[in-house]
file work_32.cif (mmCIF, C-alpha atoms)
data_final
#
loop_
_atom_site.label_atom_id
_atom_site.label_comp_id
_atom_site.auth_asym_id
_atom_site.auth_seq_id
_atom_site.Cartn_x
_atom_site.Cartn_y
_atom_site.Cartn_z
CA ASN A 1 120.46 120.04 77.27
CA LEU A 2 119.76 116.34 76.99
CA ASP A 3 118.34 114.01 79.64
CA PHE A 4 117.40 110.46 78.67
CA GLU A 5 117.57 106.79 79.61
CA HIS A 6 119.05 104.17 77.33
CA ARG A 7 119.62 100.42 77.21
CA LEU A 8 123.05 99.05 76.40
CA LEU A 9 123.63 95.52 75.18
CA MET A 10 126.82 94.32 76.86
CA PRO A 11 129.31 91.91 75.22
CA ASP A 12 128.15 89.08 77.52
CA GLY A 13 124.56 89.51 76.28
CA SER A 14 123.28 91.23 79.43
CA VAL A 15 121.45 94.52 79.29
CA LYS A 16 122.53 97.57 81.24
CA HIS A 17 120.26 100.58 81.74
CA VAL A 18 121.85 104.02 81.95
CA HIS A 19 120.63 107.54 82.64
CA VAL A 20 122.46 110.14 80.51
CA VAL A 21 122.51 113.87 81.24
CA LEU A 22 124.33 116.23 78.91
CA GLN A 23 124.60 120.00 78.87
CA ASN A 24 125.99 122.13 76.07
CA VAL A 25 128.59 124.44 77.64
CA SER A 26 129.80 125.93 74.38
CA GLN A 27 129.36 129.64 73.72
CA LEU A 28 129.33 128.95 69.98
CA PRO A 29 126.09 127.42 68.64
CA GLU A 30 127.89 126.02 65.58
CA LYS A 31 130.46 124.21 67.75
CA PRO A 32 128.66 122.41 70.61
CA GLU A 33 130.69 121.12 73.54
CA PHE A 34 128.98 118.83 76.02
CA VAL A 35 129.66 117.89 79.61
CA GLY A 36 127.58 115.35 81.38
CA ALA A 37 127.19 112.19 83.36
CA VAL A 38 126.16 108.62 82.75
CA THR A 39 124.65 106.72 85.67
CA ASP A 40 124.02 102.97 85.78
CA ILE A 41 120.32 102.59 86.73
CA SER A 42 120.06 98.85 86.07
CA GLU A 43 119.24 98.01 89.71
CA ARG A 44 116.50 100.65 89.81
CA LYS A 45 115.02 99.32 86.56
CA ARG A 46 115.03 95.76 87.95
CA GLY A 47 113.37 97.03 91.14
CA ASP A 48 110.74 98.90 89.10
CA ALA A 49 110.00 95.75 87.09
CA GLU A 50 109.69 93.71 90.30
CA MET A 51 107.30 96.30 91.76
CA ARG A 52 105.15 96.15 88.60
CA ARG A 53 105.07 92.34 88.85
CA ALA A 54 104.17 92.49 92.55
CA HIS A 55 101.45 95.08 91.84
CA GLY A 56 100.07 92.77 89.15
CA HIS A 57 99.93 89.89 91.64
CA LEU A 58 98.29 92.12 94.27
CA THR A 59 95.71 93.31 91.75
CA GLU A 60 94.93 89.72 90.78
CA ALA A 61 94.65 88.67 94.45
CA GLN A 62 92.27 91.55 95.15
CA ARG A 63 90.14 90.57 92.15
CA LEU A 64 90.00 86.92 93.24
CA SER A 65 89.07 87.75 96.83
CA GLN A 66 86.77 90.61 95.78
CA THR A 67 88.67 92.83 98.22
CA GLY A 68 89.81 96.35 97.39
CA SER A 69 92.04 98.71 99.32
CA PHE A 70 91.85 102.43 99.97
CA ILE A 71 93.51 105.39 101.66
CA VAL A 72 91.39 108.39 102.70
CA ASP A 73 92.72 111.81 103.68
CA VAL A 74 89.53 112.89 105.44
CA VAL A 75 90.25 116.62 105.75
CA ASN A 76 91.27 117.05 102.11
CA ASP A 77 88.63 114.56 100.91
CA ASP A 78 91.38 112.84 98.92
CA ILE A 79 90.64 109.16 98.35
CA ASP A 80 92.99 106.72 96.63
CA TRP A 81 91.32 103.49 95.53
CA SER A 82 92.59 100.22 94.12
CA ASP A 83 91.14 98.94 90.85
CA GLU A 84 89.06 96.41 92.76
CA MET A 85 87.37 99.18 94.80
CA TYR A 86 86.20 100.79 91.54
CA ARG A 87 84.85 97.41 90.41
CA ILE A 88 83.03 96.70 93.69
CA PHE A 89 81.39 100.14 93.82
CA GLU A 90 80.88 100.21 90.04
CA PHE A 91 82.49 103.63 89.71
CA GLU A 92 84.30 104.61 86.51
CA PRO A 93 87.94 103.47 86.92
CA GLY A 94 90.18 106.43 87.70
CA SER A 95 87.26 108.74 88.47
CA LYS A 96 87.45 111.07 91.46
CA VAL A 97 86.00 109.43 94.56
CA THR A 98 84.89 111.68 97.43
CA ILE A 99 83.27 111.08 100.80
CA GLU A 100 80.08 112.62 99.40
CA LYS A 101 80.16 110.33 96.35
CA LEU A 102 80.39 107.37 98.74
CA ARG A 103 77.46 108.67 100.77
CA GLY A 104 75.48 108.65 97.55
CA VAL A 105 75.77 104.86 97.14
CA ILE A 106 75.34 103.81 100.78
CA HIS A 107 71.85 102.39 101.31
CA ALA A 108 69.66 104.99 103.05
CA ASP A 109 69.04 102.73 106.06
CA ASP A 110 72.82 102.26 106.52
CA GLN A 111 73.73 105.96 106.37
CA PRO A 112 73.91 106.31 110.20
CA TRP A 113 76.31 103.32 110.41
CA TYR A 114 78.45 104.78 107.62
CA GLU A 115 78.63 108.16 109.37
CA ASP A 116 79.43 106.47 112.70
CA ALA A 117 82.18 104.36 111.08
CA LEU A 118 83.70 107.48 109.52
CA ARG A 119 83.56 109.31 112.87
CA ARG A 120 85.16 106.35 114.68
CA GLY A 121 87.92 106.08 112.10
CA VAL A 122 88.72 109.79 112.41
CA ALA A 123 88.80 109.39 116.21
CA GLY A 124 91.37 106.59 115.88
CA ILE A 125 88.99 103.72 116.63
CA ASP A 126 89.33 100.75 114.26
CA VAL A 127 86.36 100.22 111.94
CA ASP A 128 84.85 96.85 111.03
CA SER A 129 81.39 97.29 109.50
CA VAL A 130 79.11 95.90 106.85
CA PHE A 131 77.20 98.38 104.69
CA ARG A 132 74.80 97.91 101.87
CA ILE A 133 75.59 99.84 98.73
CA VAL A 134 73.23 100.50 95.86
CA THR A 135 74.83 100.05 92.43
CA THR A 136 73.54 99.92 88.88
CA ARG A 137 73.44 96.12 89.23
CA GLY A 138 71.50 96.21 92.47
CA LEU A 139 72.20 95.88 96.16
CA LYS A 140 75.61 94.74 97.43
CA TYR A 141 76.90 94.04 100.91
CA CYS A 142 80.33 95.47 101.57
CA ARG A 143 82.45 94.64 104.63
CA THR A 144 84.86 97.47 105.40
CA VAL A 145 87.79 97.46 107.80
CA ALA A 146 89.91 100.54 108.38
CA HIS A 147 92.08 102.30 110.92
CA ARG A 148 93.69 105.67 111.32
CA TYR A 149 97.03 105.37 109.60
CA GLU A 150 98.94 108.55 110.25
CA HIS A 151 98.69 112.23 111.03
CA ILE A 152 99.73 114.73 108.41
CA SER A 153 99.56 118.17 110.01
CA ASP A 154 96.96 116.64 112.33
CA ARG A 155 94.82 115.43 109.41
CA PRO A 156 93.35 111.97 109.87
CA VAL A 157 94.35 109.49 107.18
CA LEU A 158 92.49 106.18 107.10
CA VAL A 159 93.76 103.04 105.42
CA GLY A 160 91.55 100.06 104.86
CA ALA A 161 89.98 97.42 102.72
CA ALA A 162 86.49 96.62 101.54
CA GLN A 163 85.21 93.23 100.45
CA ASP A 164 82.10 92.41 98.45
CA VAL A 165 80.39 89.89 100.77
CA THR A 166 77.06 89.84 98.91
CA ALA A 167 77.22 86.15 98.00
CA SER A 168 77.92 85.02 101.57
CA LYS A 169 75.23 87.36 103.00
CA LEU A 170 72.62 86.06 100.58
CA ALA A 171 73.59 82.45 101.24
#

call {"tool": "encode", "arguments": {"input": "work_32.cif", "output": "structure tokens"}}
result
Amino acid sequence: NLDFEHRLLMPDGSVKHVHVVLQNVSQLPEKPEFVGAVTDISERKRGDAEMRRAHGHLTEAQRLSQTGSFIVDVVNDDIDWSDEMYRIFEFEPGSKVTIEKLRGVIHADDQPWYEDALRRGVAGIDVDSVFRIVTTRGLKYCRTVAHRYEHISDRPVLVGAAQDVTASKLA
């Protein structure tokens, strides 16, 4: 069985992307006989390229504004962070982020506000708070906004953004 994607250079100079699936239906190994399908996936490939470009612009915008985005499945403790969130919190890019790991960087005096913001978010109340976080480079102020996004089997999912507002706080 074969399953692959291929580019074809057309006579007019354009490029067409195709998905090819072939299956050997022969009973004789020495005499293969294939049936299959070829699907034009050029539009999907163009859409994928556009999404990658848009993601690159979004990543650059987040870096410039020092604002990261996140999605938190509270019950499963599953947190998806943008690259900028890793930079702000100084966590290893791609590392597993948990609610407990976040608690570990929230300044001790701000722990009650963090817990209250998490509770409010789970309850469906929008969150808009500033917390201090302690990183290897020192203290940072982080403004976080979030709201309950959806219910998945009655599990609260929060979506939000966090911005490093240290410079404006210190000014």

call {"tool": "closest_residue", "arguments": {"input": "work_32.cif", "among": "A:Trp113, A:Tyr141, A:Phe4, A:Phe34", "to": "Ile88 (chain A)", "atoms": "only C-alpha atoms"}}
result
A:Tyr141

call {"tool": "axis_aligned_box", "arguments": {"input": "work_32.cif", "around": "region 21-28 of chain A", "padding_each_side": "3 Å", "output": "JSON"}}
result
{"center_x": 126.2, "center_y": 121.8, "center_z": 75.6, "size_x": 13.3, "size_y": 21.8, "size_z": 17.3}

call {"tool": "resolve_selection", "arguments": {"input": "work_32.cif", "expression": "the PyMOL selection byres ((chain A and resi 83) around 12)", "output": "JSON, numbers by chain"}}
result
{"A": [55, 56, 58, 59, 60, 61, 62, 63, 66, 67, 68, 69, 70, 80, 81, 82, 84, 85, 86, 87, 88, 89, 90, 91, 92, 93, 94, 95, 162]}

call {"tool": "write_last_selection", "arguments": {"input": "work_32.cif", "atoms": "C-alpha atoms", "output": "JSON list (two decimals), keeping the file's coordinate frame"}}
result
[["chain", "number", "residue", "atom", "x", "y", "z"],
["A", 55, "HIS", "CA", 101.45, 95.08, 91.84],
["A", 56, "GLY", "CA", 100.07, 92.77, 89.15],
["A", 58, "LEU", "CA", 98.29, 92.12, 94.27],
["A", 59, "THR", "CA", 95.71, 93.31, 91.75],
["A", 60, "GLU", "CA", 94.93, 89.72, 90.78],
["A", 61, "ALA", "CA", 94.65, 88.67, 94.45],
["A", 62, "GLN", "CA", 92.27, 91.55, 95.15],
["A", 63, "ARG", "CA", 90.14, 90.57, 92.15],
["A", 66, "GLN", "CA", 86.77, 90.61, 95.78],
["A", 67, "THR", "CA", 88.67, 92.83, 98.22],
["A", 68, "GLY", "CA", 89.81, 96.35, 97.39],
["A", 69, "SER", "CA", 92.04, 98.71, 99.32],
["A", 70, "PHE", "CA", 91.85, 102.43, 99.97],
["A", 80, "ASP", "CA", 92.99, 106.72, 96.63],
["A", 81, "TRP", "CA", 91.32, 103.49, 95.53],
["A", 82, "SER", "CA", 92.59, 100.22, 94.12],
["A", 84, "GLU", "CA", 89.06, 96.41, 92.76],
["A", 85, "MET", "CA", 87.37, 99.18, 94.80],
["A", 86, "TYR", "CA", 86.20, 100.79, 91.54],
["A", 87, "ARG", "CA", 84.85, 97.41, 90.41],
["A", 88, "ILE", "CA", 83.03, 96.70, 93.69],
["A", 89, "PHE", "CA", 81.39, 100.14, 93.82],
["A", 90, "GLU", "CA", 80.88, 100.21, 90.04],
["A", 91, "PHE", "CA", 82.49, 103.63, 89.71],
["A", 92, "GLU", "CA", 84.30, 104.61, 86.51],
["A", 93, "PRO", "CA", 87.94, 103.47, 86.92],
["A", 94, "GLY", "CA", 90.18, 106.43, 87.70],
["A", 95, "SER", "CA", 87.26, 108.74, 88.47],
["A", 162, "ALA", "CA", 86.49, 96.62, 101.54]]

call {"tool": "residues_around", "arguments": {"input": "work_32.cif", "residues": "region 41-48 of chain A", "least_positions_apart": "6", "cutoff": "12 Å", "atoms": "all atoms listed in the file", "output": "PDB file with C-alpha atoms, keeping the file's coordinate frame"}}
result
ATOM      1  CA  PHE A   4     117.400 110.460  78.670  1.00  0.00           C
ATOM      2  CA  GLU A   5     117.570 106.790  79.610  1.00  0.00           C
ATOM      3  CA  HIS A   6     119.050 104.170  77.330  1.00  0.00           C
ATOM      4  CA  ARG A   7     119.620 100.420  77.210  1.00  0.00           C
ATOM      5  CA  LEU A   8     123.050  99.050  76.400  1.00  0.00           C
ATOM      6  CA  LEU A   9     123.630  95.520  75.180  1.00  0.00           C
ATOM      7  CA  SER A  14     123.280  91.230  79.430  1.00  0.00           C
ATOM      8  CA  VAL A  15     121.450  94.520  79.290  1.00  0.00           C
ATOM      9  CA  LYS A  16     122.530  97.570  81.240  1.00  0.00           C
ATOM     10  CA  HIS A  17     120.260 100.580  81.740  1.00  0.00           C
ATOM     11  CA  VAL A  18     121.850 104.020  81.950  1.00  0.00           C
ATOM     12  CA  HIS A  19     120.630 107.540  82.640  1.00  0.00           C
ATOM     13  CA  VAL A  20     122.460 110.140  80.510  1.00  0.00           C
ATOM     14  CA  ALA A  54     104.170  92.490  92.550  1.00  0.00           C
ATOM     15  CA  HIS A  55     101.450  95.080  91.840  1.00  0.00           C
TER      16      HIS A  55
END

call {"tool": "atom_distance", "arguments": {"input": "work_32.cif", "atom1": "CA of Gly138 (chain A)", "atom2": "CA of Leu158 (chain A)"}}
result
27.5 Å

call {"tool": "atom_distance", "arguments": {"input": "work_32.cif", "atom1": "CA of Val157 (chain A)", "atom2": "CA of Lys96 (chain A)"}}
result
17.2 Å

call {"tool": "residues_around", "arguments": {"input": "work_32.cif", "residues": "Asp77 (chain A)", "least_positions_apart": "6", "cutoff": "10 Å", "atoms": "only C-alpha atoms", "output": "PyMOL selection string"}}
result
chain A and resi 97-100+157

call {"tool": "resolve_selection", "arguments": {"input": "work_32.cif", "expression": "the PyMOL selection byres ((chain A and resi 123) around 12)", "output": "PyMOL selection string"}}
result
chain A and resi 74+116-122+124-127+146-151+154-158

call {"tool": "closest_residue", "arguments": {"input": "work_32.cif", "among": "A:Ile71, A:Val25, A:Ile79, A:Ala167", "to": "Lys101 (chain A)", "atoms": "only C-alpha atoms"}}
result
A:Ile79

call {"tool": "atom_distance", "arguments": {"input": "work_32.cif", "atom1": "CA of Val145 (chain A)", "atom2": "CA of Ala171 (chain A)"}}
result
21.7 Å

call {"tool": "resolve_selection", "arguments": {"input": "work_32.cif", "expression": "the PyMOL selection byres ((chain A and resi 139) around 12)", "output": "ChimeraX atom specification"}}
result
/A:88-90,105-108,131-138,140-142,164-167,169-170

call {"tool": "decode", "arguments": {"input": "work_32.cif", "residues": "region 99-147 of chain A", "atoms": "N, CA and C atoms", "output": "mmCIF file, in the first residue's frame"}}
result
data_model
loop_
_atom_site.group_PDB
_atom_site.id
_atom_site.type_symbol
_atom_site.label_atom_id
_atom_site.label_comp_id
_atom_site.auth_asym_id
_atom_site.auth_seq_id
_atom_site.Cartn_x
_atom_site.Cartn_y
_atom_site.Cartn_z
ATOM 1 N N ILE A 99 -1.269 23.848 36.408
ATOM 2 C CA ILE A 99 -1.750 24.852 37.356
ATOM 3 C C ILE A 99 -0.787 24.940 38.541
ATOM 4 N N GLU A 100 -0.284 23.807 38.989
ATOM 5 C CA GLU A 100 0.666 23.793 40.110
ATOM 6 C C GLU A 100 1.987 24.473 39.733
ATOM 7 N N LYS A 101 2.454 24.260 38.503
ATOM 8 C CA LYS A 101 3.687 24.913 38.052
ATOM 9 C C LYS A 101 3.503 26.434 38.047
ATOM 10 N N LEU A 102 2.302 26.885 37.656
ATOM 11 C CA LEU A 102 2.017 28.317 37.687
ATOM 12 C C LEU A 102 2.003 28.839 39.116
ATOM 13 N N ARG A 103 1.380 28.085 40.014
ATOM 14 C CA ARG A 103 1.370 28.497 41.428
ATOM 15 C C ARG A 103 2.793 28.717 41.933
ATOM 16 N N GLY A 104 3.707 27.915 41.434
ATOM 17 C CA GLY A 104 5.094 27.992 41.881
ATOM 18 C C GLY A 104 5.816 29.271 41.498
ATOM 19 N N VAL A 105 5.316 30.013 40.510
ATOM 20 C CA VAL A 105 5.981 31.256 40.113
ATOM 21 C C VAL A 105 5.204 32.500 40.531
ATOM 22 N N ILE A 106 3.970 32.325 40.995
ATOM 23 C CA ILE A 106 3.195 33.477 41.474
ATOM 24 C C ILE A 106 3.816 33.949 42.785
ATOM 25 N N HIS A 107 4.024 35.243 42.903
ATOM 26 C CA HIS A 107 4.585 35.815 44.138
ATOM 27 C C HIS A 107 3.725 35.373 45.324
ATOM 28 N N ALA A 108 4.348 35.040 46.431
ATOM 29 C CA ALA A 108 3.631 34.523 47.608
ATOM 30 C C ALA A 108 2.503 35.448 48.058
ATOM 31 N N ASP A 109 2.726 36.766 48.025
ATOM 32 C CA ASP A 109 1.689 37.699 48.456
ATOM 33 C C ASP A 109 0.499 37.747 47.489
ATOM 34 N N ASP A 110 0.701 37.297 46.246
ATOM 35 C CA ASP A 110 -0.369 37.333 45.243
ATOM 36 C C ASP A 110 -1.089 35.995 45.085
ATOM 37 N N GLN A 111 -0.675 34.986 45.841
ATOM 38 C CA GLN A 111 -1.303 33.667 45.752
ATOM 39 C C GLN A 111 -2.820 33.723 45.965
ATOM 40 N N PRO A 112 -3.315 34.451 46.990
ATOM 41 C CA PRO A 112 -4.777 34.512 47.168
ATOM 42 C C PRO A 112 -5.501 35.108 45.961
ATOM 43 N N TRP A 113 -4.921 36.129 45.313
ATOM 44 C CA TRP A 113 -5.543 36.720 44.129
ATOM 45 C C TRP A 113 -5.538 35.726 42.968
ATOM 46 N N TYR A 114 -4.440 34.984 42.836
ATOM 47 C CA TYR A 114 -4.357 33.970 41.775
ATOM 48 C C TYR A 114 -5.440 32.912 41.982
ATOM 49 N N GLU A 115 -5.559 32.408 43.219
ATOM 50 C CA GLU A 115 -6.561 31.381 43.506
ATOM 51 C C GLU A 115 -7.978 31.916 43.283
ATOM 52 N N ASP A 116 -8.210 33.177 43.672
ATOM 53 C CA ASP A 116 -9.527 33.782 43.470
ATOM 54 C C ASP A 116 -9.817 33.958 41.977
ATOM 55 N N ALA A 117 -8.832 34.362 41.208
ATOM 56 C CA ALA A 117 -9.021 34.523 39.764
ATOM 57 C C ALA A 117 -9.333 33.174 39.116
ATOM 58 N N LEU A 118 -8.644 32.136 39.520
ATOM 59 C CA LEU A 118 -8.907 30.796 38.993
ATOM 60 C C LEU A 118 -10.320 30.350 39.350
ATOM 61 N N ARG A 119 -10.719 30.577 40.596
ATOM 62 C CA ARG A 119 -12.073 30.211 41.044
ATOM 63 C C ARG A 119 -13.135 30.974 40.253
ATOM 64 N N ARG A 120 -12.916 32.287 40.059
ATOM 65 C CA ARG A 120 -13.871 33.096 39.299
ATOM 66 C C ARG A 120 -13.976 32.619 37.858
ATOM 67 N N GLY A 121 -12.844 32.331 37.252
ATOM 68 C CA GLY A 121 -12.852 31.848 35.877
ATOM 69 C C GLY A 121 -13.627 30.557 35.737
ATOM 70 N N VAL A 122 -13.416 29.617 36.660
ATOM 71 C CA VAL A 122 -14.139 28.344 36.649
ATOM 72 C C VAL A 122 -15.632 28.586 36.817
ATOM 73 N N ALA A 123 -15.999 29.580 37.622
ATOM 74 C CA ALA A 123 -17.411 29.888 37.876
ATOM 75 C C ALA A 123 -18.062 30.640 36.709
ATOM 76 N N GLY A 124 -17.256 31.009 35.696
ATOM 77 C CA GLY A 124 -17.820 31.711 34.549
ATOM 78 C C GLY A 124 -17.766 33.216 34.662
ATOM 79 N N ILE A 125 -17.028 33.730 35.640
ATOM 80 C CA ILE A 125 -16.871 35.172 35.828
ATOM 81 C C ILE A 125 -15.572 35.594 35.135
ATOM 82 N N ASP A 126 -15.644 36.604 34.279
ATOM 83 C CA ASP A 126 -14.450 37.064 33.569
ATOM 84 C C ASP A 126 -13.369 37.497 34.550
ATOM 85 N N VAL A 127 -12.131 37.233 34.180
ATOM 86 C CA VAL A 127 -10.971 37.544 35.022
ATOM 87 C C VAL A 127 -10.179 38.668 34.379
ATOM 88 N N ASP A 128 -9.782 39.646 35.181
ATOM 89 C CA ASP A 128 -8.895 40.725 34.749
ATOM 90 C C ASP A 128 -8.076 41.090 35.978
ATOM 91 N N SER A 129 -6.865 40.540 36.069
ATOM 92 C CA SER A 129 -6.047 40.698 37.273
ATOM 93 C C SER A 129 -4.592 40.934 36.906
ATOM 94 N N VAL A 130 -3.891 41.541 37.836
ATOM 95 C CA VAL A 130 -2.444 41.701 37.712
ATOM 96 C C VAL A 130 -1.805 40.913 38.839
ATOM 97 N N PHE A 131 -0.866 40.038 38.455
ATOM 98 C CA PHE A 131 -0.122 39.223 39.417
ATOM 99 C C PHE A 131 1.351 39.504 39.239
ATOM 100 N N ARG A 132 2.070 39.329 40.316
ATOM 101 C CA ARG A 132 3.520 39.358 40.219
ATOM 102 C C ARG A 132 3.996 37.919 40.084
ATOM 103 N N ILE A 133 4.942 37.721 39.187
ATOM 104 C CA ILE A 133 5.557 36.401 39.054
ATOM 105 C C ILE A 133 7.048 36.539 39.338
ATOM 106 N N VAL A 134 7.613 35.500 39.885
ATOM 107 C CA VAL A 134 9.028 35.483 40.219
ATOM 108 C C VAL A 134 9.721 34.570 39.210
ATOM 109 N N THR A 135 10.627 35.167 38.416
ATOM 110 C CA THR A 135 11.346 34.412 37.390
ATOM 111 C C THR A 135 12.835 34.437 37.707
ATOM 112 N N THR A 136 13.604 33.750 36.886
ATOM 113 C CA THR A 136 15.052 33.735 37.103
ATOM 114 C C THR A 136 15.662 35.121 36.916
ATOM 115 N N ARG A 137 14.968 35.986 36.167
ATOM 116 C CA ARG A 137 15.460 37.351 35.940
ATOM 117 C C ARG A 137 14.911 38.346 36.953
ATOM 118 N N GLY A 138 14.067 37.871 37.844
ATOM 119 C CA GLY A 138 13.515 38.768 38.853
ATOM 120 C C GLY A 138 12.003 38.825 38.810
ATOM 121 N N LEU A 139 11.479 39.884 39.394
ATOM 122 C CA LEU A 139 10.041 40.062 39.535
ATOM 123 C C LEU A 139 9.444 40.671 38.267
ATOM 124 N N LYS A 140 8.304 40.125 37.843
ATOM 125 C CA LYS A 140 7.570 40.665 36.705
ATOM 126 C C LYS A 140 6.116 40.869 37.118
ATOM 127 N N TYR A 141 5.497 41.858 36.510
ATOM 128 C CA TYR A 141 4.063 42.081 36.672
ATOM 129 C C TYR A 141 3.385 41.546 35.417
ATOM 130 N N CYS A 142 2.340 40.784 35.625
ATOM 131 C CA CYS A 142 1.663 40.131 34.517
ATOM 132 C C CYS A 142 0.159 40.399 34.612
ATOM 133 N N ARG A 143 -0.381 41.097 33.622
ATOM 134 C CA ARG A 143 -1.830 41.324 33.571
ATOM 135 C C ARG A 143 -2.452 40.161 32.811
ATOM 136 N N THR A 144 -3.447 39.540 33.423
ATOM 137 C CA THR A 144 -4.107 38.382 32.832
ATOM 138 C C THR A 144 -5.593 38.647 32.688
ATOM 139 N N VAL A 145 -6.111 38.368 31.486
ATOM 140 C CA VAL A 145 -7.546 38.417 31.244
ATOM 141 C C VAL A 145 -7.953 37.042 30.737
ATOM 142 N N ALA A 146 -9.109 36.574 31.195
ATOM 143 C CA ALA A 146 -9.572 35.251 30.769
ATOM 144 C C ALA A 146 -11.075 35.146 30.981
ATOM 145 N N HIS A 147 -11.680 34.221 30.265
ATOM 146 C CA HIS A 147 -13.085 33.900 30.523
ATOM 147 C C HIS A 147 -13.321 32.427 30.200
#
